[in-house]
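Participant: As input, take work.txt (compact mmCIF, C-alpha atoms):
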```txt
# COMPACT_ATOMS: atom_id res chain seq x y z
CA MET D 1332 -11.67 -16.16 -4.57
CA ASP D 1333 -10.60 -19.70 -3.72
CA ASP D 1334 -8.83 -20.02 -7.08
CA LEU D 1335 -7.04 -16.73 -6.49
CA ARG D 1336 -5.90 -17.89 -3.05
CA GLU D 1337 -4.16 -20.83 -4.73
CA THR D 1338 -2.15 -18.38 -6.84
CA ILE D 1339 -1.24 -15.54 -4.46
CA ASP D 1340 -0.88 -14.95 -0.76
CA PHE D 1341 -3.17 -12.47 0.92
CA LEU D 1342 -1.69 -10.09 3.48
CA LYS D 1343 -3.40 -10.01 6.86
CA LEU D 1344 -5.02 -6.84 8.13
CA GLU D 1345 -3.49 -6.64 11.60
CA THR D 1346 -3.06 -3.90 14.20
CA GLU D 1347 0.51 -3.16 13.06
CA VAL D 1348 -0.74 -2.53 9.53
CA MET D 1349 -3.50 -0.21 10.71
CA LEU D 1350 -1.10 1.76 12.92
CA CYS D 1351 1.26 2.20 9.98
CA ALA D 1352 -1.66 3.15 7.73
CA SER D 1353 -2.73 5.81 10.22
CA GLN D 1354 0.78 7.26 10.05
CA VAL D 1355 0.60 7.35 6.25
CA TRP D 1356 -2.84 9.01 6.53
CA ARG D 1357 -1.32 11.67 8.81
CA GLU D 1358 1.62 12.22 6.42
CA ALA D 1359 -0.79 12.65 3.53
CA ARG D 1360 -2.79 15.24 5.48
CA GLN D 1361 0.38 17.10 6.47
CA ARG D 1362 1.34 17.31 2.78
CA GLY D 1363 -2.13 18.54 1.90
CA ARG D 1364 -2.96 15.30 0.07
CA LYS D 1365 -6.39 14.25 1.21
CA THR D 1366 -7.17 10.83 -0.20
CA ALA D 1367 -10.54 10.58 1.53
CA ASP D 1368 -12.87 12.53 3.78
CA ASP D 1369 -11.40 13.46 7.19
CA SER D 1370 -13.66 10.94 8.91
CA SER D 1371 -12.76 8.17 6.46
CA PHE D 1372 -9.82 5.88 6.01
CA ASP D 1373 -9.23 4.65 2.49
CA VAL D 1374 -7.67 1.44 1.28
CA ASP D 1375 -4.72 3.24 -0.37
CA MET D 1376 -3.30 3.97 3.08
CA ILE D 1377 -3.59 0.30 4.03
CA ILE D 1378 -1.88 -0.81 0.81
CA ILE D 1379 0.96 1.66 1.39
CA ALA D 1380 1.29 0.45 4.99
CA HIS D 1381 1.63 -3.14 3.81
CA TRP D 1382 4.30 -2.02 1.33
CA ARG D 1383 6.26 -0.17 4.04
CA LEU D 1384 6.12 -3.10 6.44
CA LEU D 1385 7.20 -5.55 3.74
CA LYS D 1386 10.14 -3.25 2.88
CA GLU D 1387 11.19 -3.33 6.54
CA GLU D 1388 10.79 -7.10 6.75
CA HIS D 1389 12.67 -7.78 3.49
CA PRO D 1390 15.19 -4.91 3.04
CA SER D 1391 17.17 -6.64 0.29
CA ARG D 1392 14.15 -7.36 -1.90
CA TYR D 1393 12.58 -5.09 -4.48
CA ILE D 1394 8.99 -4.59 -3.42
CA VAL D 1395 6.56 -2.76 -5.67
CA ILE D 1396 2.82 -2.22 -5.63
CA ALA D 1397 1.25 -3.44 -8.88
CA THR D 1398 -1.74 -1.21 -9.55
CA THR D 1399 -3.70 0.93 -11.95
CA ASN D 1400 -3.74 3.69 -9.31
CA VAL D 1401 -0.10 4.78 -9.58
CA LYS D 1402 -0.84 8.47 -8.99
CA HIS D 1403 -2.10 8.13 -5.42
CA LEU D 1404 0.16 5.30 -4.30
CA SER D 1405 3.50 6.41 -5.77
CA GLU D 1406 3.74 9.52 -3.61
CA PHE D 1407 4.24 7.34 -0.53
CA SER D 1408 5.52 4.06 -1.98
CA GLU D 1409 7.01 2.33 -5.01
CA ALA D 1410 4.03 1.76 -7.30
CA LEU D 1411 3.91 0.86 -10.97
CA ASN D 1412 1.16 0.15 -13.42
CA TRP D 1413 0.76 -3.61 -13.26
CA GLU D 1414 1.01 -3.90 -17.05
CA ASP D 1415 4.46 -2.24 -17.00
CA ILE D 1416 6.01 -4.71 -14.56
CA LYS D 1417 8.26 -7.27 -16.23
CA LEU D 1418 9.19 -10.40 -14.31
```
Output the file's structure in the form of structure tokens.
Facilitator:
Amino acid sequence: MDDLRETIDFLKLETEVMLCASQVWREARQRGRKTADDSSFDVDMIIIAHWRLLKEEHPSRYIVIATTNVKHLSEFSEALNWEDIKL
């Protein structure tokens, strides 16, 4: 983990992120897209919340989630398979 921290920045899990994630959770439920049990909160919602907040903070930048879980994330965010992203 220490080596990874030298390569990338980790995003903090703060109240603003959790509030945004709860909104995404609600949107998913309203669309009939349950990503977890009703009493649970899954990490996809937190990842999408981070993406949304970063988009707001940096509106002129292209922000994409690099993942292998494109199906669940791309409905609420810009998500691509990490192997398909060319820098």
Participant: Residues around (-4.5, 5.1, 6.8), cut-off 12 Å, counting only C-alpha atoms - what are they as a ChimeraX atom specification?
Facilitator: /D:1346-1360,1365-1381,1407
Participant: Please produce a file of those selected residues containing C-alpha atoms, as a tab-separated table (two decimals), in the frame of the given file.
Facilitator:
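Writing done, so here's part-v9.tsv:
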```tsv
chain	number	residue	atom	x	y	z
D	1346	THR	CA	-3.06	-3.90	14.20
D	1347	GLU	CA	0.51	-3.16	13.06
D	1348	VAL	CA	-0.74	-2.53	9.53
D	1349	MET	CA	-3.50	-0.21	10.71
D	1350	LEU	CA	-1.10	1.76	12.92
D	1351	CYS	CA	1.26	2.20	9.98
D	1352	ALA	CA	-1.66	3.15	7.73
D	1353	SER	CA	-2.73	5.81	10.22
D	1354	GLN	CA	0.78	7.26	10.05
D	1355	VAL	CA	0.60	7.35	6.25
D	1356	TRP	CA	-2.84	9.01	6.53
D	1357	ARG	CA	-1.32	11.67	8.81
D	1358	GLU	CA	1.62	12.22	6.42
D	1359	ALA	CA	-0.79	12.65	3.53
D	1360	ARG	CA	-2.79	15.24	5.48
D	1365	LYS	CA	-6.39	14.25	1.21
D	1366	THR	CA	-7.17	10.83	-0.20
D	1367	ALA	CA	-10.54	10.58	1.53
D	1368	ASP	CA	-12.87	12.53	3.78
D	1369	ASP	CA	-11.40	13.46	7.19
D	1370	SER	CA	-13.66	10.94	8.91
D	1371	SER	CA	-12.76	8.17	6.46
D	1372	PHE	CA	-9.82	5.88	6.01
D	1373	ASP	CA	-9.23	4.65	2.49
D	1374	VAL	CA	-7.67	1.44	1.28
D	1375	ASP	CA	-4.72	3.24	-0.37
D	1376	MET	CA	-3.30	3.97	3.08
D	1377	ILE	CA	-3.59	0.30	4.03
D	1378	ILE	CA	-1.88	-0.81	0.81
D	1379	ILE	CA	0.96	1.66	1.39
D	1380	ALA	CA	1.29	0.45	4.99
D	1381	HIS	CA	1.63	-3.14	3.81
D	1407	PHE	CA	4.24	7.34	-0.53
```
Participant: Take every atom of range 1332-1349 of chain D listed in the file, pad by 6 Å on each side, and give me the axis-aligned box centre and edge lengths in Å, one decimal, as JSON.
Facilitator:
```
{"center_x": -5.6, "center_y": -10.5, "center_z": 3.6, "size_x": 24.2, "size_y": 32.6, "size_z": 33.3}
```
Participant: I'd like the interatomic distance between CA of Ala1410 in chain D and CA of Arg1383 in chain D, to a tenth of an Å.
Facilitator: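 Separation of CA of Ala1410 in chain D and CA of Arg1383 in chain D: 11.7 Å.
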Participant: Which residues, written as a ChimeraX atom specification, have at least one atom at most 12 Å from Ile1396 in chain D, with all atoms listed in the file counted and residues fewer than 2 positions away on the same chain left out?
Facilitator: /D:1375,1377-1383,1385-1386,1393-1394,1398-1416
Participant: What separation in Å, quoted to one decimal, exists between CA of Lys1417 in chain D and CA of Met1332 in chain D?
Facilitator: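 Interatomic distance, CA of Lys1417 in chain D to CA of Met1332 in chain D: 24.7 Å.
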Participant: Can you measure CA of Leu1418 in chain D to CA of Ala1397 in chain D for me? One decimal in Å is fine.
Facilitator: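 A separation of 11.9 Å between them.
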